[in-house]
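Q: Take a look at protein_9.pdb, PDB, C-alpha atoms and all ligand atoms:
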```
MODEL        1
ATOM      1  CA  MET A 947     -37.260  -4.838 -78.410  1.00  0.00           C
ATOM      2  CA  SER A 948     -35.609  -4.314 -75.010  1.00  0.00           C
ATOM      3  CA  LYS A 949     -36.383  -0.582 -75.316  1.00  0.00           C
ATOM      4  CA  LEU A 950     -40.086  -1.475 -75.185  1.00  0.00           C
ATOM      5  CA  ARG A 951     -39.736  -3.072 -71.757  1.00  0.00           C
ATOM      6  CA  PRO A 952     -40.547  -0.924 -68.714  1.00  0.00           C
ATOM      7  CA  ASP A 953     -38.312  -1.164 -65.660  1.00  0.00           C
ATOM      8  CA  MET A 954     -41.404  -1.310 -63.446  1.00  0.00           C
ATOM      9  CA  HIS A 955     -45.113  -1.982 -64.000  1.00  0.00           C
ATOM     10  CA  VAL A 956     -47.803  -0.718 -61.618  1.00  0.00           C
ATOM     11  CA  LYS A 957     -51.579  -0.608 -61.743  1.00  0.00           C
ATOM     12  CA  ARG A 958     -51.928   3.005 -60.652  1.00  0.00           C
ATOM     13  CA  ILE A 959     -49.434   5.753 -59.885  1.00  0.00           C
ATOM     14  CA  ALA A 960     -50.320   5.522 -56.173  1.00  0.00           C
ATOM     15  CA  ASP A 961     -48.750   2.030 -56.258  1.00  0.00           C
ATOM     16  CA  ILE A 962     -45.317   3.410 -57.162  1.00  0.00           C
ATOM     17  CA  ASP A 963     -42.804   2.712 -54.396  1.00  0.00           C
ATOM     18  CA  LEU A 964     -41.321   6.194 -53.945  1.00  0.00           C
ATOM     19  CA  ASP A 965     -38.787   5.043 -51.325  1.00  0.00           C
ATOM     20  CA  TYR A 966     -37.423   2.521 -53.810  1.00  0.00           C
ATOM     21  CA  LEU A 967     -37.109   5.182 -56.546  1.00  0.00           C
ATOM     22  CA  TRP A 968     -35.278   7.464 -54.118  1.00  0.00           C
ATOM     23  CA  GLN A 969     -32.862   4.618 -53.305  1.00  0.00           C
ATOM     24  CA  LEU A 970     -32.169   4.233 -57.032  1.00  0.00           C
ATOM     25  CA  GLY A 971     -31.085   7.871 -57.120  1.00  0.00           C
ATOM     26  CA  ILE A 972     -34.164   9.095 -58.952  1.00  0.00           C
ATOM     27  CA  ARG A 973     -35.069  12.669 -58.057  1.00  0.00           C
ATOM     28  CA  GLY A 974     -37.335  13.760 -60.906  1.00  0.00           C
ATOM     29  CA  LEU A 975     -40.551  12.192 -62.180  1.00  0.00           C
ATOM     30  CA  VAL A 976     -41.883  12.905 -65.654  1.00  0.00           C
ATOM     31  CA  PHE A 977     -45.538  12.002 -66.127  1.00  0.00           C
ATOM     32  CA  ASP A 978     -47.701  11.315 -69.107  1.00  0.00           C
ATOM     33  CA  LEU A 979     -51.142  12.923 -68.705  1.00  0.00           C
ATOM     34  CA  ASP A 980     -53.936  11.181 -70.665  1.00  0.00           C
ATOM     35  CA  ASN A 981     -54.928   7.905 -69.029  1.00  0.00           C
ATOM     36  CA  THR A 982     -51.993   8.087 -66.620  1.00  0.00           C
ATOM     37  CA  LEU A 983     -52.976  10.988 -64.321  1.00  0.00           C
ATOM     38  CA  THR A 984     -56.442  11.756 -65.674  1.00  0.00           C
ATOM     39  CA  PRO A 985     -58.909  10.009 -67.993  1.00  0.00           C
ATOM     40  CA  TRP A 986     -58.526  10.991 -71.645  1.00  0.00           C
ATOM     41  CA  ARG A 987     -59.304  14.687 -72.200  1.00  0.00           C
ATOM     42  CA  VAL A 988     -60.094  15.332 -68.545  1.00  0.00           C
ATOM     43  CA  TYR A 989     -57.845  18.059 -67.205  1.00  0.00           C
ATOM     44  CA  GLN A 990     -58.842  18.074 -63.583  1.00  0.00           C
ATOM     45  CA  PRO A 991     -57.018  15.405 -61.577  1.00  0.00           C
ATOM     46  CA  ASN A 992     -58.968  13.869 -58.707  1.00  0.00           C
ATOM     47  CA  LEU A 993     -58.188  14.704 -55.088  1.00  0.00           C
ATOM     48  CA  GLU A 994     -56.236  11.474 -54.557  1.00  0.00           C
ATOM     49  CA  ILE A 995     -53.824  12.458 -57.325  1.00  0.00           C
ATOM     50  CA  VAL A 996     -53.514  16.024 -56.049  1.00  0.00           C
ATOM     51  CA  ASN A 997     -52.642  14.723 -52.561  1.00  0.00           C
ATOM     52  CA  TRP A 998     -50.209  12.170 -53.979  1.00  0.00           C
ATOM     53  CA  PHE A 999     -48.368  14.979 -55.767  1.00  0.00           C
ATOM     54  CA  ARG A1000     -48.174  16.935 -52.534  1.00  0.00           C
ATOM     55  CA  ASP A1001     -46.562  13.905 -50.860  1.00  0.00           C
ATOM     56  CA  LEU A1002     -44.171  13.576 -53.798  1.00  0.00           C
ATOM     57  CA  ARG A1003     -42.901  17.107 -53.361  1.00  0.00           C
ATOM     58  CA  GLN A1004     -42.596  16.789 -49.596  1.00  0.00           C
ATOM     59  CA  ARG A1005     -40.301  13.827 -50.175  1.00  0.00           C
ATOM     60  CA  GLY A1006     -38.068  16.059 -52.310  1.00  0.00           C
ATOM     61  CA  PHE A1007     -38.969  14.825 -55.787  1.00  0.00           C
ATOM     62  CA  ALA A1008     -39.317  17.264 -58.655  1.00  0.00           C
ATOM     63  CA  ALA A1009     -41.999  16.555 -61.261  1.00  0.00           C
ATOM     64  CA  CYS A1010     -43.309  17.678 -64.613  1.00  0.00           C
ATOM     65  CA  ILE A1011     -45.826  16.521 -67.199  1.00  0.00           C
ATOM     66  CA  LEU A1012     -44.819  15.528 -70.713  1.00  0.00           C
ATOM     67  CA  SER A1013     -47.903  15.128 -72.882  1.00  0.00           C
ATOM     68  CA  ASN A1014     -48.523  14.690 -76.585  1.00  0.00           C
ATOM     69  CA  SER A1015     -51.754  16.682 -76.226  1.00  0.00           C
ATOM     70  CA  MET A1016     -51.795  20.270 -77.395  1.00  0.00           C
ATOM     71  CA  HIS A1017     -50.078  22.666 -75.058  1.00  0.00           C
ATOM     72  CA  GLY A1018     -53.026  24.991 -74.345  1.00  0.00           C
ATOM     73  CA  ARG A1019     -55.347  22.231 -73.174  1.00  0.00           C
ATOM     74  CA  VAL A1020     -52.914  20.435 -70.908  1.00  0.00           C
ATOM     75  CA  GLN A1021     -51.802  23.701 -69.347  1.00  0.00           C
ATOM     76  CA  GLN A1022     -54.987  23.627 -67.243  1.00  0.00           C
ATOM     77  CA  VAL A1023     -53.520  20.770 -65.222  1.00  0.00           C
ATOM     78  CA  ASN A1024     -50.833  23.094 -63.953  1.00  0.00           C
ATOM     79  CA  GLU A1025     -53.447  24.943 -61.905  1.00  0.00           C
ATOM     80  CA  TRP A1026     -54.195  21.742 -59.993  1.00  0.00           C
ATOM     81  CA  LEU A1027     -50.792  20.170 -59.597  1.00  0.00           C
ATOM     82  CA  ASP A1028     -48.552  23.252 -59.722  1.00  0.00           C
ATOM     83  CA  ILE A1029     -45.839  21.563 -61.792  1.00  0.00           C
ATOM     84  CA  PRO A1030     -44.437  22.430 -65.248  1.00  0.00           C
ATOM     85  CA  VAL A1031     -46.557  21.079 -68.098  1.00  0.00           C
ATOM     86  CA  LEU A1032     -44.848  20.355 -71.409  1.00  0.00           C
ATOM     87  CA  GLY A1033     -47.478  19.769 -74.098  1.00  0.00           C
ATOM     88  CA  ASN A1034     -47.385  18.820 -77.781  1.00  0.00           C
ATOM     89  CA  SER A1035     -44.278  16.780 -77.002  1.00  0.00           C
ATOM     90  CA  LYS A1036     -44.340  14.230 -79.854  1.00  0.00           C
ATOM     91  CA  LYS A1037     -43.211  11.279 -77.720  1.00  0.00           C
ATOM     92  CA  PRO A1038     -41.368   9.016 -78.469  1.00  0.00           C
ATOM     93  CA  LEU A1039     -39.286  11.666 -80.275  1.00  0.00           C
ATOM     94  CA  GLN A1040     -36.462  12.762 -78.025  1.00  0.00           C
ATOM     95  CA  SER A1041     -36.965  16.531 -78.124  1.00  0.00           C
ATOM     96  CA  GLY A1042     -39.613  16.370 -75.393  1.00  0.00           C
ATOM     97  CA  PHE A1043     -37.444  14.228 -73.123  1.00  0.00           C
ATOM     98  CA  CYS A1044     -34.549  16.690 -73.603  1.00  0.00           C
ATOM     99  CA  LEU A1045     -36.878  19.531 -72.660  1.00  0.00           C
ATOM    100  CA  ALA A1046     -37.990  17.621 -69.538  1.00  0.00           C
ATOM    101  CA  LYS A1047     -34.326  17.187 -68.516  1.00  0.00           C
ATOM    102  CA  LYS A1048     -33.712  20.902 -68.984  1.00  0.00           C
ATOM    103  CA  THR A1049     -36.922  21.872 -67.197  1.00  0.00           C
ATOM    104  CA  LEU A1050     -36.088  19.774 -64.129  1.00  0.00           C
ATOM    105  CA  ASP A1051     -32.335  20.482 -64.502  1.00  0.00           C
ATOM    106  CA  MET A1052     -31.401  16.806 -64.055  1.00  0.00           C
ATOM    107  CA  GLU A1053     -29.462  14.071 -65.824  1.00  0.00           C
ATOM    108  CA  ALA A1054     -31.305  11.158 -67.461  1.00  0.00           C
ATOM    109  CA  ALA A1055     -30.130   8.774 -64.718  1.00  0.00           C
ATOM    110  CA  GLN A1056     -31.996  10.865 -62.119  1.00  0.00           C
ATOM    111  CA  LEU A1057     -35.283  10.769 -64.030  1.00  0.00           C
ATOM    112  CA  ALA A1058     -38.180   8.356 -64.370  1.00  0.00           C
ATOM    113  CA  MET A1059     -40.812   8.442 -67.119  1.00  0.00           C
ATOM    114  CA  ILE A1060     -44.235   7.265 -65.988  1.00  0.00           C
ATOM    115  CA  GLY A1061     -46.981   6.525 -68.509  1.00  0.00           C
ATOM    116  CA  ASP A1062     -49.591   4.123 -69.858  1.00  0.00           C
ATOM    117  CA  GLN A1063     -48.271   3.581 -73.387  1.00  0.00           C
ATOM    118  CA  LEU A1064     -45.411   1.346 -74.464  1.00  0.00           C
ATOM    119  CA  LEU A1065     -44.799   3.020 -77.820  1.00  0.00           C
ATOM    120  CA  THR A1066     -44.628   6.607 -76.622  1.00  0.00           C
ATOM    121  CA  ASP A1067     -43.886   6.799 -72.877  1.00  0.00           C
ATOM    122  CA  ILE A1068     -41.850   3.632 -72.333  1.00  0.00           C
ATOM    123  CA  TYR A1069     -40.035   3.419 -75.645  1.00  0.00           C
ATOM    124  CA  GLY A1070     -39.184   7.135 -75.621  1.00  0.00           C
ATOM    125  CA  GLY A1071     -38.220   7.088 -71.957  1.00  0.00           C
ATOM    126  CA  ASN A1072     -35.906   4.110 -72.437  1.00  0.00           C
ATOM    127  CA  LEU A1073     -34.272   5.739 -75.471  1.00  0.00           C
ATOM    128  CA  ALA A1074     -33.668   8.844 -73.366  1.00  0.00           C
ATOM    129  CA  GLY A1075     -32.016   6.742 -70.660  1.00  0.00           C
ATOM    130  CA  PHE A1076     -34.743   7.385 -68.086  1.00  0.00           C
ATOM    131  CA  TYR A1077     -35.999   4.762 -65.631  1.00  0.00           C
ATOM    132  CA  THR A1078     -39.407   3.744 -67.022  1.00  0.00           C
ATOM    133  CA  ILE A1079     -42.644   2.896 -65.232  1.00  0.00           C
ATOM    134  CA  LEU A1080     -45.676   1.563 -67.082  1.00  0.00           C
ATOM    135  CA  THR A1081     -49.118   2.144 -65.558  1.00  0.00           C
ATOM    136  CA  ASP A1082     -52.398   0.506 -66.535  1.00  0.00           C
ATOM    137  CA  GLN A1083     -54.576   2.892 -68.536  1.00  0.00           C
ATOM    138  CA  LEU A1084     -57.047   4.715 -66.286  1.00  0.00           C
ATOM    139  CA  ASP A1085     -59.984   4.503 -68.643  1.00  0.00           C
ATOM    140  CA  ASP A1086     -61.113   2.821 -71.875  1.00  0.00           C
ATOM    141  CA  LYS A1087     -61.723   6.121 -73.611  1.00  0.00           C
ATOM    142  CA  GLU A1088     -58.874   7.354 -75.795  1.00  0.00           C
ATOM    143  CA  GLY A1089     -58.095   8.850 -79.171  1.00  0.00           C
ATOM    144  CA  TRP A1090     -58.783   6.983 -82.413  1.00  0.00           C
ATOM    145  CA  GLY A1091     -55.115   6.501 -83.260  1.00  0.00           C
ATOM    146  CA  THR A1092     -54.291   5.202 -79.798  1.00  0.00           C
ATOM    147  CA  ARG A1093     -57.227   2.829 -79.713  1.00  0.00           C
ATOM    148  CA  HIS A1094     -56.953   1.387 -83.206  1.00  0.00           C
ATOM    149  CA  ILE A1095     -53.219   1.521 -83.860  1.00  0.00           C
ATOM    150  CA  SER A1096     -51.081   1.900 -80.719  1.00  0.00           C
ATOM    151  CA  ARG A1097     -53.019  -0.507 -78.496  1.00  0.00           C
ATOM    152  CA  ARG A1098     -53.058  -3.212 -81.201  1.00  0.00           C
ATOM    153  CA  LEU A1099     -49.313  -2.852 -81.647  1.00  0.00           C
ATOM    154  CA  GLU A1100     -48.879  -2.996 -77.872  1.00  0.00           C
ATOM    155  CA  LYS A1101     -50.800  -6.275 -77.706  1.00  0.00           C
ATOM    156  CA  LEU A1102     -48.561  -7.725 -80.395  1.00  0.00           C
ATOM    157  CA  ILE A1103     -45.413  -6.501 -78.622  1.00  0.00           C
ATOM    158  CA  ARG A1104     -46.553  -7.985 -75.315  1.00  0.00           C
ATOM    159  CA  LYS A1105     -47.150 -11.334 -77.015  1.00  0.00           C
ATOM    160  CA  ILE A1106     -43.692 -11.312 -78.566  1.00  0.00           C
ATOM    161  CA  CYS A1107     -41.885 -10.085 -75.440  1.00  0.00           C
ATOM    162  CA  HIS A1108     -43.541 -12.356 -72.920  1.00  0.00           C
ATOM    163  CA  ARG A1109     -44.172 -15.421 -75.106  1.00  0.00           C
TER     164      ARG A1109
HETATM  165 MG    MG A1201     -51.303   8.253 -72.016  1.00  0.00          MG
ENDMDL
END
```
Represent the structure contained in this file as structure tokens.
A:
Amino acid sequence: MSKLRPDMHVKRIADIDLDYLWQLGIRGLVFDLDNTLTPWRVYQPNLEIVNWFRDLRQRGFAACILSNSMHGRVQQVNEWLDIPVLGNSKKPLQSGFCLAKKTLDMEAAQLAMIGDQLLTDIYGGNLAGFYTILTDQLDDKEGWGTRHISRRLEKLIRKICHR
């Protein structure tokens, strides 16, 4: 159960304290896409997000996207954020997290996983040894499986964990 607990919980990615992460020794940020950076199936981040990513890089952080969506679709985001996009990643399976480590050329202890889902982003990130940051979902719209299965499980987990 402890692997389902994020290290940090924020409303939106702009609320992440980047100075604090830097102090922890984190140098690479791995982002979920759907409902973390953009609403579900929207592949054009808004200007606020684009500017936030610019700030991120100026501070010296490296970043990439790790999404369970198909590779071709999520690749469009690369044009806006100019960071590596790893699609079809099958989180929480560890292969995607290994690929993120290789892509950013960093150890797990230097990496944070940021996403809106406990069962994929947080659970997988914790298993990989990443620092984990849970965000609120950007929008109500999401895939059938997420809406009817994952979110119900998440509610149950939250009840059990927080009693
Ligand atoms: Mg998501």
Q: Within 6 Å of ligand MG 1201 (chain A), which residues show up when you count only C-alpha atoms and all ligand atoms? List them as an MDAnalysis selection string, please.
A: chainID A and resid 978:982 1061:1063
Q: Expand the PyMOL selection byres (((chain A and resi 1069-1086) around 7) and not hetatm) into the explicit residue set it covers here, and present it as a ChimeraX atom specification.
A: /A:949-950,952-959,981-982,985,1037-1040,1043,1054-1055,1057-1062,1064-1068,1087-1088
Q: Could you name the residues that touch segment 1045-1052 of chain A at 12 Å or less, counting only C-alpha atoms, but leaving out those on the same chain fewer than 6 positions away, as a ChimeraX atom specification?
A: /A:971-978,1007-1013,1029-1037,1039,1058-1059,1071,1074-1076
Q: How many Å lie between atom CA of Leu964 of chain A and atom CA of Val1023 of chain A, rounded to one decimal?
A: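 If I compute the distance from atom CA of Leu964 of chain A to atom CA of Val1023 of chain A, I get 22.1 Å.
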Q: Between atom CA of Leu1002 of chain A and atom CA of Asp965 of chain A, measure the distance and give it in Å to one decimal.
A: 10.4 Å
Q: Separation of atom CA of Leu1027 of chain A and atom CA of Gly1089 of chain A, in Å?
A: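 These two atoms are separated by 23.8 Å.
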Q: As JSON, please report the centre and edge lengths, rounded to one decimal in Å, of the axis-aligned box that holds all listed atoms of segment 964-970 of chain A with 3 Å of padding on each of the six sides.
A:
```
{"center_x": -36.7, "center_y": 5.0, "center_z": -54.2, "size_x": 15.2, "size_y": 10.9, "size_z": 11.7}
```
